[in-house]
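Structure data follow from structure-v2.txt (compact mmCIF, C-alpha atoms):
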# COMPACT_ATOMS: atom_id res chain seq x y z
CA MET A 906 18.12 -31.87 -6.45
CA ASN A 907 20.79 -30.08 -8.41
CA VAL A 908 21.89 -26.52 -7.80
CA ARG A 909 19.77 -25.16 -10.61
CA ALA A 910 16.60 -26.76 -9.35
CA LEU A 911 17.37 -25.77 -5.80
CA CYS A 912 17.91 -22.14 -6.71
CA LEU A 913 14.83 -22.02 -8.89
CA SER A 914 12.57 -23.60 -6.33
CA SER A 915 13.95 -21.37 -3.59
CA ALA A 916 13.32 -18.27 -5.63
CA LEU A 917 9.79 -19.29 -6.48
CA LEU A 918 9.00 -20.23 -2.89
CA LEU A 919 10.28 -16.85 -1.80
CA ALA A 920 7.99 -15.25 -4.32
CA MET A 921 5.07 -17.23 -2.99
CA VAL A 922 5.41 -16.07 0.55
CA ALA A 923 6.61 -12.51 0.03
CA PRO A 924 4.46 -10.22 2.17
CA ALA A 925 1.80 -8.09 0.58
CA VAL A 926 -0.24 -5.26 1.91
CA ALA A 927 -3.59 -5.10 3.61
CA HIS A 928 -5.72 -2.23 4.82
CA HIS A 929 -4.91 -3.44 8.29
CA SER A 930 -1.65 -4.65 9.77
CA PHE A 931 -1.10 -8.39 10.10
CA ALA A 932 -0.53 -8.05 13.84
CA ALA A 933 -3.87 -6.33 14.38
CA GLU A 934 -5.75 -9.48 13.53
CA TYR A 935 -3.55 -12.54 13.22
CA ASP A 936 -1.21 -14.39 15.51
CA SER A 937 2.17 -15.31 14.07
CA ASN A 938 2.49 -17.82 16.92
CA LYS A 939 -0.52 -19.74 15.68
CA PRO A 940 0.55 -21.27 12.36
CA ILE A 941 -2.08 -23.47 10.80
CA LYS A 942 -2.13 -26.05 8.05
CA LEU A 943 -5.60 -27.01 6.99
CA THR A 944 -6.97 -29.42 4.43
CA GLY A 945 -10.52 -29.12 3.26
CA ALA A 946 -12.99 -28.59 0.47
CA VAL A 947 -14.04 -25.15 -0.69
CA THR A 948 -17.57 -24.16 0.30
CA LYS A 949 -17.57 -20.53 -0.81
CA VAL A 950 -15.33 -17.99 -2.54
CA GLU A 951 -15.68 -14.23 -2.22
CA TRP A 952 -13.63 -12.54 -4.93
CA THR A 953 -13.91 -9.10 -3.43
CA ASN A 954 -12.07 -6.16 -1.94
CA PRO A 955 -10.55 -5.55 0.49
CA HIS A 956 -9.69 -9.24 0.66
CA VAL A 957 -10.49 -12.37 -1.24
CA TYR A 958 -12.00 -14.87 1.19
CA PHE A 959 -12.53 -18.53 0.73
CA TYR A 960 -14.20 -20.94 3.11
CA ILE A 961 -13.28 -24.57 3.58
CA ASP A 962 -14.79 -27.40 5.56
CA VAL A 963 -12.09 -28.93 7.73
CA ARG A 964 -12.68 -32.27 9.40
CA ASP A 965 -11.10 -33.00 12.78
CA GLU A 966 -9.57 -36.45 12.37
CA LYS A 967 -10.05 -37.30 16.03
CA THR A 968 -13.61 -36.17 16.63
CA GLY A 969 -14.99 -36.17 13.15
CA LYS A 970 -16.34 -32.70 13.69
CA VAL A 971 -16.37 -30.48 10.62
CA THR A 972 -15.56 -26.78 11.03
CA ASN A 973 -15.98 -24.18 8.33
CA TRP A 974 -12.91 -21.95 8.24
CA ALA A 975 -12.82 -18.47 6.69
CA MET A 976 -9.43 -17.73 5.12
CA GLU A 977 -8.28 -14.27 4.10
CA MET A 978 -6.06 -13.61 1.12
CA GLY A 979 -4.85 -10.35 -0.42
CA ALA A 980 -7.04 -8.11 -2.55
CA PRO A 981 -7.93 -9.53 -5.97
CA ALA A 982 -5.43 -7.26 -7.70
CA VAL A 983 -2.70 -8.46 -5.35
CA ILE A 984 -3.16 -12.17 -5.77
CA GLN A 985 -3.77 -11.88 -9.50
CA ARG A 986 -0.19 -10.70 -9.62
CA SER A 987 0.92 -14.00 -8.15
CA GLY A 988 -0.95 -16.15 -10.59
CA TRP A 989 -4.47 -16.42 -9.24
CA LYS A 990 -7.48 -16.16 -11.45
CA ARG A 991 -11.03 -15.84 -10.33
CA THR A 992 -11.63 -19.35 -11.57
CA SER A 993 -8.56 -20.88 -9.92
CA MET A 994 -10.61 -22.15 -7.00
CA LYS A 995 -14.06 -23.67 -7.32
CA ILE A 996 -16.65 -24.92 -4.88
CA GLY A 997 -15.73 -28.45 -3.86
CA ASP A 998 -12.03 -28.16 -4.72
CA LEU A 999 -9.78 -29.76 -2.16
CA LEU A 1000 -7.11 -27.41 -0.81
CA VAL A 1001 -4.18 -27.48 1.54
CA VAL A 1002 -3.83 -24.08 3.17
CA GLU A 1003 -0.91 -22.80 5.21
CA GLY A 1004 -1.23 -19.61 7.20
CA PHE A 1005 -2.01 -18.19 10.60
CA GLN A 1006 -5.07 -18.18 12.82
CA ALA A 1007 -6.80 -15.02 14.00
CA LYS A 1008 -6.04 -13.81 17.50
CA SER A 1009 -9.75 -14.11 18.22
CA GLY A 1010 -9.35 -17.87 18.27
CA ARG A 1011 -12.22 -18.30 15.87
CA PRO A 1012 -11.92 -20.45 12.74
CA HIS A 1013 -10.60 -17.53 10.76
CA GLY A 1014 -7.16 -17.33 9.28
CA ASN A 1015 -4.74 -15.50 7.06
CA ALA A 1016 -3.68 -17.71 4.18
CA ARG A 1017 -0.05 -17.62 3.17
CA THR A 1018 0.03 -20.36 0.57
CA VAL A 1019 -2.68 -22.43 -1.02
CA THR A 1020 -2.08 -25.76 -2.74
CA LEU A 1021 -4.73 -27.03 -5.11
CA ALA A 1022 -4.85 -30.75 -4.37
CA ALA A 1023 -6.07 -31.73 -7.82
CA THR A 1024 -3.12 -30.24 -9.65
CA GLY A 1025 -0.53 -29.73 -6.93
CA GLN A 1026 -0.33 -26.09 -7.94
CA ARG A 1027 0.85 -23.98 -5.02
CA LEU A 1028 0.17 -20.27 -5.00
CA GLY A 1029 0.98 -17.39 -2.71
CA ALA A 1030 -2.06 -15.88 -1.10
CA GLY A 1031 -1.00 -12.26 -0.71
CA SER A 1032 -0.50 -12.61 3.00
CA SER A 1033 0.50 -9.54 4.97
CA PHE A 1034 2.59 -11.75 7.25
CA GLY A 1035 6.21 -10.78 7.41
CA ASN A 1036 5.96 -7.08 6.83
CA ALA A 1037 8.91 -5.84 8.84
CA ASN A 1038 8.22 -3.18 11.42
CA GLU A 1039 4.73 -2.66 10.11
CA GLN A 1040 3.63 -1.11 13.36
CA GLN A 1041 6.38 1.44 13.63
CA MET B 369 27.54 -22.99 -15.56
CA ARG B 370 26.20 -23.36 -12.09
CA ASN B 371 26.82 -19.72 -11.43
CA ALA B 372 24.98 -18.83 -14.58
CA TRP B 373 21.98 -20.87 -13.54
CA PHE B 374 22.11 -19.37 -10.11
CA GLY B 375 21.95 -15.92 -11.65
CA VAL B 376 19.03 -16.90 -13.83
CA SER B 377 17.21 -18.37 -10.86
CA VAL B 378 17.71 -15.29 -8.76
CA ALA B 379 16.55 -13.11 -11.63
CA ILE B 380 13.41 -15.20 -11.97
CA GLY B 381 12.87 -14.92 -8.25
CA VAL B 382 13.23 -11.17 -8.32
CA LEU B 383 10.82 -10.91 -11.21
CA ALA B 384 8.37 -13.17 -9.46
CA LEU B 385 8.67 -11.08 -6.33
CA SER B 386 7.85 -8.03 -8.33
CA MET B 387 4.67 -9.71 -9.44
CA THR B 388 3.76 -10.67 -5.92
CA THR B 389 4.40 -7.58 -3.90
CA PHE B 390 3.37 -4.05 -4.50
CA GLU B 391 6.42 -2.11 -3.71
CA ALA B 392 8.77 -3.94 -5.97
CA GLN B 393 6.96 -3.33 -9.16
CA ALA B 394 7.45 0.22 -10.13
CA PRO B 395 10.16 2.40 -8.69
CA ALA B 396 10.92 4.47 -11.66
CA ALA B 397 13.77 4.41 -13.99
CA GLY B 398 15.79 7.44 -13.22
CA ALA B 399 14.48 7.72 -9.68
CA GLN B 400 16.81 9.65 -7.45
CA PRO B 401 19.26 7.55 -5.46
CA ALA B 402 18.19 9.36 -2.32
CA ALA B 403 14.75 7.87 -2.60
CA ARG B 404 14.33 4.54 -0.95
CA GLY B 405 10.92 3.14 -1.34
CA GLY B 406 8.96 1.71 1.48
CA ARG B 407 5.31 1.12 1.64
CA GLU B 408 2.55 1.33 4.04
CA GLY B 409 2.17 -2.37 4.31
CA ALA B 410 5.82 -3.08 4.61
CA ALA B 411 6.90 -0.84 7.35
CA GLY B 412 4.27 1.48 8.62
CA ASP B 413 5.58 4.93 9.24
CA GLN B 414 9.15 4.24 8.50
CA GLY B 415 8.72 2.51 5.24
CA GLY B 416 11.31 0.10 4.11
CA ALA B 417 14.26 0.01 1.88
CA ARG B 418 13.04 -2.88 -0.20
CA ALA B 419 11.80 -1.12 -3.25
CA GLY B 420 13.56 -2.10 -6.37
CA ARG B 421 13.13 -2.31 -10.05
CA ALA B 422 10.79 -4.89 -11.37
CA GLY B 423 13.45 -5.69 -13.86
CA ARG B 424 13.29 -5.20 -17.57
CA GLY B 425 9.78 -5.59 -18.70
CA GLY B 426 8.51 -6.21 -15.19
CA ARG B 427 4.87 -5.61 -14.67
CA GLY B 428 4.12 -1.98 -14.22
CA ALA B 429 7.72 -0.90 -14.27
CA ALA B 430 9.11 1.96 -16.22
CA PRO B 431 11.02 0.92 -19.33
CA ALA B 432 14.67 0.17 -18.86
CA GLY B 433 17.05 3.07 -19.05
CA PRO B 434 16.75 6.70 -18.05
CA SER B 435 13.33 8.17 -17.62
CA LYS B 436 11.83 10.39 -20.24
CA PRO B 437 11.89 14.06 -19.24
CA THR B 438 9.16 15.76 -17.27
CA PRO B 439 6.13 16.17 -19.54
CA ARG B 440 4.60 19.59 -20.08
CA TRP B 441 1.40 21.04 -21.45
CA PRO B 442 1.61 23.16 -24.61
CA ASP B 443 1.80 26.30 -22.47
CA GLY B 444 4.89 24.95 -20.69
CA ARG B 445 3.22 24.08 -17.40
CA VAL B 446 4.25 20.76 -15.90
CA ASN B 447 1.85 17.89 -16.53
CA LEU B 448 1.42 15.92 -13.33
CA SER B 449 -0.60 13.11 -14.87
CA GLN B 450 -1.10 11.15 -18.08
CA VAL B 451 0.06 12.38 -21.45
CA PRO B 452 -1.61 11.48 -24.73
CA GLY B 453 -0.59 8.00 -25.74
CA VAL B 454 0.88 6.95 -22.38
CA LYS B 455 -1.55 5.66 -19.82
CA GLY B 456 -0.70 5.03 -16.22
CA PHE B 457 -0.95 6.51 -12.77
CA TRP B 458 1.12 7.21 -9.68
CA ASN B 459 1.84 4.07 -7.71
CA VAL B 460 1.58 5.92 -4.45
CA MET B 461 2.25 3.09 -2.02
CA THR B 462 5.98 3.32 -2.29
CA GLY B 463 7.32 5.59 0.37
CA SER B 464 7.50 7.04 3.81
CA PRO B 465 8.19 10.47 5.29
CA ILE B 466 10.35 8.85 7.96
CA ALA B 467 13.84 7.41 7.62
CA PRO B 468 15.04 4.90 6.65
CA GLY B 469 12.25 5.15 4.08
CA GLY B 470 11.86 7.99 1.62
CA LEU B 471 14.24 10.87 0.99
CA SER B 472 17.70 10.92 2.49
CA THR B 473 16.76 14.06 4.40
CA ASN B 474 13.90 12.36 6.26
CA LEU B 475 13.95 12.34 10.04
CA THR B 476 14.20 9.13 11.98
CA LEU B 477 11.46 8.32 14.45
CA ASP B 478 13.71 9.48 17.28
CA GLN B 479 14.05 12.88 15.64
CA ILE B 480 10.35 13.58 15.29
CA PRO B 481 9.49 16.47 17.63
CA PHE B 482 6.64 14.83 19.51
CA GLN B 483 4.95 16.53 22.40
CA ASP B 484 5.04 14.20 25.38
CA TRP B 485 1.41 13.13 25.16
CA ALA B 486 1.74 12.48 21.43
CA ARG B 487 4.79 10.31 21.90
CA ALA B 488 3.04 8.36 24.66
CA LEU B 489 -0.03 7.82 22.47
CA TYR B 490 2.09 6.81 19.54
CA GLU B 491 3.96 4.26 21.64
CA TYR B 492 0.68 2.92 22.97
CA ARG B 493 -0.68 2.53 19.47
CA ARG B 494 2.42 0.56 18.55
CA THR B 495 1.83 -1.84 21.39
CA ARG B 496 -1.62 -2.50 19.98
CA GLY B 497 -0.28 -3.71 16.68
CA GLY B 498 -2.39 -1.43 14.54
CA LEU B 499 -5.59 -2.72 16.11
CA ASP B 500 -6.92 0.80 16.65
CA ASP B 501 -6.20 2.09 13.17
CA PRO B 502 -9.43 3.57 11.75
CA HIS B 503 -8.34 2.67 8.23
CA ALA B 504 -8.21 -0.98 9.30
CA ARG B 505 -11.97 -0.53 9.65
CA CYS B 506 -12.11 1.04 6.21
CA GLN B 507 -12.37 4.63 7.36
CA PRO B 508 -10.90 7.17 4.91
CA ALA B 509 -7.15 7.48 4.53
CA GLY B 510 -7.15 11.15 5.53
CA GLY B 511 -4.46 13.77 5.28
CA MET B 512 -1.31 12.63 3.56
CA ARG B 513 -2.16 8.97 3.99
CA VAL B 514 -3.86 8.97 0.62
CA PHE B 515 -0.30 8.89 -0.74
CA THR B 516 0.60 5.72 1.13
CA VAL B 517 -2.30 3.40 0.36
CA PRO B 518 -2.56 1.11 -2.64
CA ASN B 519 -4.59 1.22 -5.83
CA GLY B 520 -3.05 4.22 -7.54
CA LEU B 521 -3.62 7.94 -7.85
CA GLU B 522 -3.98 10.55 -10.57
CA ILE B 523 -3.66 14.32 -10.48
CA ILE B 524 -6.20 16.00 -12.73
CA ASP B 525 -5.30 19.59 -13.55
CA GLN B 526 -8.09 21.89 -14.76
CA PRO B 527 -6.42 25.31 -15.04
CA GLU B 528 -9.36 26.82 -16.87
CA LEU B 529 -11.42 26.12 -13.77
CA ASN B 530 -8.67 26.98 -11.28
CA ARG B 531 -8.77 23.61 -9.64
CA ILE B 532 -6.82 20.40 -9.41
CA PHE B 533 -8.30 17.08 -8.38
CA ILE B 534 -6.31 14.31 -6.78
CA ILE B 535 -8.18 11.09 -7.31
CA GLY B 536 -7.17 7.90 -5.55
CA GLY B 537 -8.17 4.35 -6.33
CA GLU B 538 -8.38 3.40 -2.67
CA ASN B 539 -12.06 3.82 -1.86
CA ARG B 540 -12.26 6.25 -4.77
CA ASP B 541 -11.10 9.03 -2.51
CA TRP B 542 -10.68 12.42 -4.07
CA ARG B 543 -9.31 15.76 -3.02
CA ARG B 544 -10.01 19.16 -4.51
CA ILE B 545 -7.21 21.70 -4.62
CA ALA B 546 -8.49 25.26 -5.11
CA MET B 547 -6.14 27.21 -7.40
CA GLU B 548 -7.89 30.58 -7.57
CA PRO B 549 -5.33 33.36 -7.12
CA GLY B 550 -5.69 34.99 -3.72
CA ARG B 551 -7.88 32.24 -2.35
CA LYS B 552 -8.01 32.04 1.46
CA HIS B 553 -9.06 29.23 3.77
CA PRO B 554 -12.45 29.65 5.45
CA SER B 555 -12.37 31.06 8.94
CA GLU B 556 -12.11 28.55 11.74
CA ASP B 557 -15.78 29.12 12.47
CA ASP B 558 -16.68 28.11 8.95
CA LEU B 559 -14.33 25.16 8.57
CA ILE B 560 -16.00 21.81 8.96
CA PRO B 561 -13.34 19.38 10.19
CA SER B 562 -12.85 16.72 7.56
CA TYR B 563 -10.61 13.89 6.42
CA PHE B 564 -9.01 15.85 3.60
CA GLY B 565 -9.39 19.39 4.90
CA ASP B 566 -9.51 22.59 2.86
CA SER B 567 -6.76 22.74 0.26
CA ILE B 568 -5.37 25.76 -1.59
CA GLY B 569 -2.66 25.39 -4.19
CA HIS B 570 -0.25 27.47 -6.18
CA TRP B 571 2.74 26.89 -8.41
CA GLU B 572 6.27 27.71 -7.38
CA GLY B 573 8.11 27.21 -10.64
CA ASP B 574 7.52 23.59 -11.61
CA THR B 575 6.37 22.59 -8.13
CA LEU B 576 2.73 22.44 -7.07
CA VAL B 577 2.44 23.63 -3.47
CA VAL B 578 -0.71 22.71 -1.55
CA ASP B 579 -1.66 24.21 1.79
CA THR B 580 -4.32 22.38 3.81
CA VAL B 581 -6.07 23.02 7.12
CA GLY B 582 -9.34 21.90 8.65
CA TYR B 583 -8.63 18.26 9.41
CA ASN B 584 -10.67 16.17 11.79
CA GLU B 585 -8.99 13.89 14.32
CA LYS B 586 -10.69 10.69 13.21
CA PHE B 587 -7.92 9.25 11.08
CA TRP B 588 -4.29 8.24 11.39
CA PHE B 589 -2.42 10.27 8.82
CA ILE B 590 0.08 7.46 8.49
CA ARG B 591 -0.25 3.77 9.16
CA GLY B 592 1.89 3.55 12.27
CA GLY B 593 -0.39 5.97 14.09
CA LEU B 594 1.47 9.24 14.43
CA PRO B 595 -0.98 11.44 16.36
CA HIS B 596 -2.37 14.71 15.10
CA THR B 597 -4.91 17.27 16.24
CA ARG B 598 -7.39 19.64 14.62
CA PHE B 599 -4.53 22.14 14.41
CA MET B 600 -2.70 20.09 11.81
CA HIS B 601 -1.60 22.16 8.86
CA LEU B 602 0.02 20.35 5.96
CA THR B 603 2.13 21.93 3.25
CA GLU B 604 2.65 19.50 0.42
CA ARG B 605 4.99 19.96 -2.51
CA PHE B 606 4.60 17.96 -5.72
CA THR B 607 7.49 17.98 -8.18
CA ARG B 608 7.58 15.73 -11.23
CA ILE B 609 11.33 15.42 -11.44
CA ASN B 610 11.12 13.30 -14.57
CA PHE B 611 8.42 11.41 -16.45
CA ASP B 612 8.46 8.42 -14.13
CA THR B 613 8.95 10.15 -10.77
CA LEU B 614 6.79 12.41 -8.66
CA ARG B 615 8.61 13.76 -5.63
CA TYR B 616 6.21 14.24 -2.73
CA GLU B 617 7.33 16.37 0.20
CA VAL B 618 5.19 17.31 3.17
CA THR B 619 5.60 19.56 6.17
CA ILE B 620 3.53 18.65 9.21
CA ASP B 621 2.78 21.68 11.36
CA ASP B 622 0.59 20.75 14.33
CA LYS B 623 0.99 22.80 17.47
CA GLY B 624 -1.29 20.36 19.24
CA ALA B 625 0.94 17.32 18.83
CA TYR B 626 4.46 18.40 17.87
CA THR B 627 6.85 20.97 19.28
CA ARG B 628 7.78 22.33 15.85
CA PRO B 629 6.96 21.68 12.19
CA TRP B 630 8.77 18.76 10.63
CA SER B 631 9.09 17.48 7.09
CA GLY B 632 9.57 14.34 5.09
CA GLY B 633 9.09 13.01 1.61
CA TRP B 634 9.59 10.27 -0.90
CA ASP B 635 9.52 9.61 -4.60
CA ILE B 636 6.40 8.13 -6.18
CA PRO B 637 6.87 6.06 -9.34
CA TRP B 638 4.69 6.06 -12.41
CA GLN B 639 2.96 2.76 -13.11
CA TYR B 640 2.28 1.82 -16.70
CA THR B 641 -0.05 -1.14 -16.11
CA ASN B 642 -3.26 -1.73 -14.23
CA TYR B 643 -2.80 -2.40 -10.56
CA ASP B 644 -3.05 -6.15 -10.99
CA GLY B 645 -0.21 -6.03 -13.50
CA THR B 646 -2.32 -6.49 -16.60
CA PRO B 647 -1.92 -4.05 -19.48
CA GLY B 648 -3.96 -0.88 -19.36
CA GLY B 649 -2.56 1.69 -16.95
CA GLU B 650 -5.96 2.46 -15.52
CA ILE B 651 -7.12 2.74 -11.92
CA HIS B 652 -9.66 0.12 -10.97
CA GLU B 653 -12.35 0.17 -8.33
CA TYR B 654 -11.40 -0.65 -4.76
CA PHE B 655 -13.82 -0.19 -1.89
CA CYS B 656 -12.49 -1.38 1.42
CA ILE B 657 -15.96 -1.59 2.87
CA ASP B 658 -17.18 -3.90 0.13
CA ASN B 659 -16.55 -7.13 2.01
CA GLU B 660 -14.94 -5.96 5.23
CA ARG B 661 -14.72 -8.88 7.65
CA ASP B 662 -11.87 -7.79 9.87
CA ALA B 663 -13.64 -5.54 12.36
CA VAL B 664 -15.50 -8.42 13.94
CA GLU B 665 -12.19 -10.14 14.52
CA PHE B 666 -10.74 -6.98 16.07
CA ALA B 667 -13.73 -6.79 18.37
CA GLY B 668 -13.40 -10.44 19.25
CA LYS B 669 -10.02 -10.06 20.83
Please express the file's structure as C-alpha cells.
Amino acid sequence: MNVRALCLSSALLLAMVAPAVAHHSFAAEYDSNKPIKLTGAVTKVEWTNPHVYFYIDVRDEKTGKVTNWAMEMGAPAVIQRSGWKRTSMKIGDLLVVEGFQAKSGRPHGNARTVTLAATGQRLGAGSSFGNANEQQ
Amino acid sequence: MRNAWFGVSVAIGVLALSMTTFEAQAPAAGAQPAARGGREGAAGDQGGARAGRAGRGGRGAAPAGPSKPTPRWPDGRVNLSQVPGVKGFWNVMTGSPIAPGGLSTNLTLDQIPFQDWARALYEYRRTRGGLDDPHARCQPAGGMRVFTVPNGLEIIDQPELNRIFIIGGENRDWRRIAMEPGRKHPSEDDLIPSYFGDSIGHWEGDTLVVDTVGYNEKFWFIRGGLPHTRFMHLTERFTRINFDTLRYEVTIDDKGAYTRPWSGGWDIPWQYTNYDGTPGGEIHEYFCIDNERDAVEFAGK
C-alpha cells in the first residue's frame, strides 16, 4: 500500500468511527470492554428516531443456536451524513457488524461499523462510542 | 508529491468527519476565536474543543470567508432567525458553559460554586455514567439544555404580539418568551413548576435578555448532571454577533444548589442545510420517544 492509499484509507476509517451523539451517553448503556463482531442476516430494520435499529440472526458456530441481536445506530439524520440511505440495508442482507454489547448482557449492541457482505461497503454507524469525557 | 497526496487525504478525512459528526459541520465563519465548540454528546458539561470548520462547501457550513453582518428587520431590530432568501437554523449542539468548552471566560468544573450536597450528587451522577439522566429516557431537555441537544433551533420573533418563541427540533420542544413591557413573573403560589419555566424577555441594545423562574427538578439542565433546585433562576443573553453566530450566555442563580450565581456561554453557529446535511435548511421532526429502546437496557443492569 503506498502512502497515498494509506493516508486515504486512514482518513476514511477515521471518518467511519468518529463518535456521534445520542440522547443518552454511551457509558449509560454499553460496555466498552465488551467489543463484539457479529455476522448475520438482517431480520428487521427500524428507520426511526432516536436511533436506527437493525436486527440480525447470528448463528453460534459451536452450538448452532441462532440468536437475534438488536443493534443500535445513530439517528437517521446522523447516519445519513455518513452515507446511509434508508434502502442501504434490506431484510435478508448479510452483514458484518462491529461494535459493543450492552451492559445488560442481553443480545443488544451499539454498532460502530457495518459492512454489507454483498458489496463489501463499510459504513460508520453513528456510534456514540469514543465521546471523550461525556460524563463530566 | 507524497506530501501533496497526504494533504489531500487529510482534507478528505476532515470533510468526511464533518459529514459524520455533528459538531464539526457548522461552526460559523467569523466565529469568535474565544469560542471553542463542544457538544453535548462529545463531552457532557465541559464540551470539547473539537469543533472546526466543515471546510469549504462542507455540509451545513457557512460559506468560506467572513460572515455576513448581523441581519436586521426594517425597523432596525436584530433578526435572530431566518432572513428572506436564506434558510437555516441554529445548530445548537455546539457548545458548553464550562471550560474548556465555550467562551474563554467560562469557569472550569473546579471553579463552579457547588454547595456540598450538589457537588456530592454531581460526582455520584458521574460515577453512574449518565445512567440516571432523565433525557436518556426521552424526558424533556429542560432549562438551558434545549441549547445543547441536536436537531436545530429557531427563534421566532413576533413583536406585534409581544412574544418570542424558541422552537427546537429535539422533541419539537418550544419555549414562549413574554415580551410585554412591565411583565412580572407569577407569584410563587401561582407558578407551576415546569421544564421550561416562566420566561420574560427584554432587549438591551442588540441583545435579547430572558429571565426565567419556575423550573421543576425533574431534568438535568446539562448532560453531565449538574444539580439544580426549584430555586433555579436563569438569565440568558442572546446576541447575534454576525449572521452566522449567535452568542448564548447564561447565568445560573440557584440558592438551593450553588453558593453564588455563576455564568457561562458559547457561540452557536448557523446551519444552512437540513440536519442530515441535505439541502434545505429546515428543521425536521425528531421525537426521542418514537422508538425508545434504551430504558429497558438501563433497567436491566
From the set B:Trp571, B:Phe606, B:Tyr654, B:Trp485, which residue has the shortest atom-to-atom contact distance to A:Ala980, counting all atoms listed in the file? B:Tyr654
Atom-to-atom span, atom CA of B:Asn474 and atom CA of B:Val618, Å: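 Calculated distance between atom CA of B:Asn474 and atom CA of B:Val618 is 10.5 Å.
Between atom CA of B:Pro437 and atom CA of B:Asp635 there is a distance of 15.5 Å.
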Straight-line distance linking atom CA of A:Asp962 with atom CA of A:Ala975, stated in Å to one decimal: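 Those two atoms sit 9.2 Å apart.
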From the list A:Gln1006, A:Arg1017, A:Val983, A:Met978, which residue is nearest chain B when using all atoms listed in the file? A:Val983
For chain B, the nearest of the candidates A:Lys967, A:Lys995, A:Arg986, A:Arg1027, counting only C-alpha atoms: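 The shortest atom-to-atom distance to chain B comes from A:Arg986.
Shortest atom-to-atom contact with A:Tyr935 among A:Ile961, A:Met976, A:Leu1000, A:Met994: A:Met976, counting only C-alpha atoms.
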Just checking: using only C-alpha atoms, which residue out of A:Pro955, A:Gly988, A:Gly1010, A:Gly979 ends up closest to chain B?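 Between A:Pro955, A:Gly988, A:Gly1010, A:Gly979, the residue approaching chain B most closely is A:Pro955.
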Set the distance at 9 Å and use all atoms listed in the file: which residues neighbour B:Leu521 once local chain neighbours fewer than 4 positions away are removed? I'd like the list as an MDAnalysis selection string. chainID B and resid 457:460 514:515 534:538 651
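Nearest to chain A of all the residues B:Thr580, B:Thr613, B:Gln507, B:Gln450 is B:Gln507, counting all atoms listed in the file.
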Tell me, as a compact mmCIF listing (two decimals) with C-alpha atoms, keeping the file's coordinate frame, which residues lie within 12 Å of B:Arg487, counting only C-alpha atoms; anything in the same chain fewer than 3 positions away does not count.
# COMPACT_ATOMS: atom_id res chain seq x y z
CA LEU B 477 11.46 8.32 14.45
CA ASP B 478 13.71 9.48 17.28
CA GLN B 479 14.05 12.88 15.64
CA ILE B 480 10.35 13.58 15.29
CA PRO B 481 9.49 16.47 17.63
CA PHE B 482 6.64 14.83 19.51
CA GLN B 483 4.95 16.53 22.40
CA ASP B 484 5.04 14.20 25.38
CA TYR B 490 2.09 6.81 19.54
CA GLU B 491 3.96 4.26 21.64
CA TYR B 492 0.68 2.92 22.97
CA ARG B 493 -0.68 2.53 19.47
CA ARG B 494 2.42 0.56 18.55
CA GLY B 593 -0.39 5.97 14.09
CA LEU B 594 1.47 9.24 14.43
CA PRO B 595 -0.98 11.44 16.36
CA HIS B 596 -2.37 14.71 15.10
CA ALA B 625 0.94 17.32 18.83
CA TYR B 626 4.46 18.40 17.87
CA THR B 627 6.85 20.97 19.28
Taking (-7.1, 22.3, -11.3) in the file's coordinates as the center, which residues reach within 12 Å of it, counting all atoms listed in the file, put as a PyMOL selection string? chain B and resi 447-449+523-535+543-549+567-571+576+578
Given 3 Å on each side, where is the centre and what are the edge lengths in Å to one decimal of the axis-aligned box enclosing the listed atoms of stretch 957-971 of chain A, as AutoDock Vina command-line options?
--center_x -13.0 --center_y -24.8 --center_z 7.7 --size_x 12.8 --size_y 30.9 --size_z 23.9
Could you pull the residues within 6 Å of stretch 561-564 of chain B, counting only C-alpha atoms, minus those fewer than 2 positions along the same chain, as a ChimeraX atom specification? /B:510-511,582-584
